[in-house]
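This report refers to the structure that appears directly beneath it.
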Amino acid sequence: MSQSYDRGLVEDFGRWREFSAGMWAWIFHKFTGWVLIGYLFTHIAVLSTATVDGATYTQTIRLLEGLLIVRILEVGLLAVAVFHILNGLRLLFVDLGIGLESQDKSFYASLVLTGAIVVASIPTFVAGAL
């Protein structure tokens with residue numbers, strides 16, 4: 001017979017400090033996956049304006065591209081997509097048995113590479129809205 005033990009709210013809340021790099025990689029990968037699914041619905045909603053007529057679609061795109069907040073969200077979308085792709089490739093290599101001993105380093109490398117790509121892309125994304 002198994003027994004359960006109620007650790008209490010305080011102990012469970014502090015568990016995030018014990019997470020290893022692998023747990024953070026898993027959390028970030030799941031989070032970015034859900035954000036990409038959410039973006040997919042937004043993308044379909046914007047594209048559906050093209051079913052009305054071309055002018056409505058063009059007007060919607062011009063309105064959205066002119067807003068600074070949309071440009072900032074696009075930078076966030078880039079960060080989410082790049083990390084999800086790089087971490088997915090890392091997981092693919094791990095599943096193939098390549099780099100098993102350096103999973104933490106490859107996770108940190110994917111974070112750094114994501115940061116570098118996003119920072120280098122910021123001027124391109126924000127330039128049209130200013």
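Following the order of the structure tokens, chains are lettered A, B, ..., residues in each are numbered from 1, and ligands are numbered from 1.
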
As an MDAnalysis selection string, please: the residues near range 15-30 of chain A (cut-off 12 Å, only C-alpha atoms, same-chain neighbours under 4 positions excluded). chainID A and resid 7:11 34:37 79:91 94 100 102:111

What does the file look like for those residues with N, CA, C and O atoms, as a compact mmCIF listing (two decimals), in the first residue's frame?
```txt
# COMPACT_ATOMS: atom_id res chain seq x y z
N ARG A 7 3.20 17.78 1.29
CA ARG A 7 4.40 18.57 1.59
C ARG A 7 4.05 20.00 2.00
O ARG A 7 4.89 20.72 2.51
N GLY A 8 2.87 20.42 1.67
CA GLY A 8 2.48 21.78 2.00
C GLY A 8 2.80 22.74 0.88
O GLY A 8 3.64 22.48 0.02
N LEU A 9 2.12 23.84 0.87
CA LEU A 9 2.25 24.82 -0.19
C LEU A 9 3.63 25.48 -0.21
O LEU A 9 4.20 25.71 -1.27
N VAL A 10 4.21 25.75 0.92
CA VAL A 10 5.49 26.45 0.98
C VAL A 10 6.60 25.60 0.37
O VAL A 10 7.40 26.08 -0.44
N GLU A 11 6.64 24.33 0.71
CA GLU A 11 7.71 23.48 0.18
C GLU A 11 7.58 23.28 -1.32
O GLU A 11 8.56 23.32 -2.05
N TRP A 34 3.41 26.01 -26.59
CA TRP A 34 2.06 26.55 -26.37
C TRP A 34 1.94 27.96 -26.92
O TRP A 34 0.90 28.34 -27.47
N VAL A 35 2.98 28.77 -26.80
CA VAL A 35 2.94 30.13 -27.36
C VAL A 35 2.83 30.07 -28.87
O VAL A 35 2.06 30.83 -29.48
N LEU A 36 3.55 29.16 -29.51
CA LEU A 36 3.47 29.02 -30.96
C LEU A 36 2.09 28.56 -31.41
O LEU A 36 1.58 29.01 -32.44
N ILE A 37 1.46 27.69 -30.64
CA ILE A 37 0.09 27.27 -30.97
C ILE A 37 -0.86 28.45 -30.83
O ILE A 37 -1.74 28.67 -31.68
N ALA A 79 11.96 35.15 -30.70
CA ALA A 79 12.69 34.50 -29.60
C ALA A 79 12.09 33.14 -29.29
O ALA A 79 12.81 32.15 -29.13
N VAL A 80 10.77 33.08 -29.22
CA VAL A 80 10.09 31.82 -28.92
C VAL A 80 10.36 30.79 -30.01
O VAL A 80 10.69 29.64 -29.73
N ALA A 81 10.23 31.20 -31.26
CA ALA A 81 10.41 30.26 -32.37
C ALA A 81 11.86 29.78 -32.47
O ALA A 81 12.10 28.58 -32.65
N VAL A 82 12.81 30.69 -32.34
CA VAL A 82 14.22 30.31 -32.45
C VAL A 82 14.60 29.35 -31.32
O VAL A 82 15.25 28.32 -31.55
N PHE A 83 14.19 29.67 -30.09
CA PHE A 83 14.51 28.76 -28.99
C PHE A 83 13.86 27.41 -29.20
O PHE A 83 14.50 26.37 -28.97
N HIS A 84 12.61 27.38 -29.62
CA HIS A 84 11.91 26.11 -29.81
C HIS A 84 12.61 25.27 -30.89
O HIS A 84 12.75 24.05 -30.73
N ILE A 85 13.04 25.91 -31.94
CA ILE A 85 13.75 25.20 -33.01
C ILE A 85 15.09 24.66 -32.50
O ILE A 85 15.42 23.48 -32.71
N LEU A 86 15.89 25.52 -31.86
CA LEU A 86 17.21 25.10 -31.40
C LEU A 86 17.11 24.01 -30.34
O LEU A 86 17.87 23.04 -30.36
N ASN A 87 16.17 24.15 -29.42
CA ASN A 87 16.00 23.13 -28.39
C ASN A 87 15.47 21.84 -29.00
O ASN A 87 15.85 20.75 -28.58
N GLY A 88 14.62 21.95 -30.00
CA GLY A 88 14.14 20.77 -30.70
C GLY A 88 15.27 20.02 -31.40
O GLY A 88 15.32 18.79 -31.37
N LEU A 89 16.18 20.77 -32.02
CA LEU A 89 17.35 20.13 -32.64
C LEU A 89 18.24 19.48 -31.58
O LEU A 89 18.76 18.38 -31.78
N ARG A 90 18.39 20.15 -30.45
CA ARG A 90 19.16 19.58 -29.35
C ARG A 90 18.54 18.26 -28.89
O ARG A 90 19.24 17.27 -28.69
N LEU A 91 17.22 18.25 -28.76
CA LEU A 91 16.53 17.02 -28.35
C LEU A 91 16.66 15.92 -29.40
O LEU A 91 16.77 14.74 -29.06
N VAL A 94 20.06 14.44 -28.95
CA VAL A 94 20.09 13.63 -27.74
C VAL A 94 19.38 12.30 -27.97
O VAL A 94 19.86 11.24 -27.56
N LEU A 100 25.03 13.19 -25.42
CA LEU A 100 24.36 12.81 -24.18
C LEU A 100 25.06 13.36 -22.94
O LEU A 100 24.42 13.73 -21.97
N SER A 102 26.74 16.09 -22.67
CA SER A 102 26.81 17.55 -22.59
C SER A 102 25.45 18.20 -22.85
O SER A 102 25.37 19.22 -23.52
N GLN A 103 24.40 17.62 -22.29
CA GLN A 103 23.07 18.17 -22.50
C GLN A 103 22.90 19.55 -21.88
O GLN A 103 22.27 20.43 -22.46
N ASP A 104 23.46 19.73 -20.69
CA ASP A 104 23.35 21.04 -20.04
C ASP A 104 24.03 22.12 -20.87
O ASP A 104 23.48 23.20 -21.07
N LYS A 105 25.23 21.82 -21.35
CA LYS A 105 25.97 22.80 -22.15
C LYS A 105 25.22 23.14 -23.43
O LYS A 105 25.20 24.31 -23.85
N SER A 106 24.63 22.14 -24.06
CA SER A 106 23.90 22.41 -25.31
C SER A 106 22.62 23.22 -25.04
O SER A 106 22.22 24.03 -25.87
N PHE A 107 22.00 23.02 -23.88
CA PHE A 107 20.84 23.83 -23.52
C PHE A 107 21.26 25.28 -23.33
O PHE A 107 20.62 26.20 -23.86
N TYR A 108 22.34 25.49 -22.59
CA TYR A 108 22.82 26.86 -22.39
C TYR A 108 23.26 27.49 -23.71
O TYR A 108 23.04 28.68 -23.94
N ALA A 109 23.85 26.69 -24.59
CA ALA A 109 24.26 27.20 -25.90
C ALA A 109 23.04 27.62 -26.72
O ALA A 109 23.07 28.64 -27.41
N SER A 110 21.96 26.85 -26.63
CA SER A 110 20.75 27.22 -27.37
C SER A 110 20.16 28.53 -26.81
O SER A 110 19.65 29.35 -27.58
N LEU A 111 20.24 28.73 -25.49
CA LEU A 111 19.77 29.99 -24.91
C LEU A 111 20.62 31.17 -25.38
O LEU A 111 20.08 32.22 -25.76
```

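Of the listed residues A:Ala127, A:Tyr39, A:Gly97, A:Val52, the one whose atoms come nearest to Gly76 in chain A is A:Tyr39, with distances taken using only C-alpha atoms.
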
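Here the question is which of A:Leu40, A:Val119, A:Leu113, A:Val46 gets nearest to Arg62 in chain A using only C-alpha atoms, and that residue is A:Val46.
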
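Distances from A:Leu67, A:Ile98, A:Thr32, A:Thr49 to Phe125 in chain A were compared using only C-alpha atoms, and the smallest one belongs to A:Leu67.
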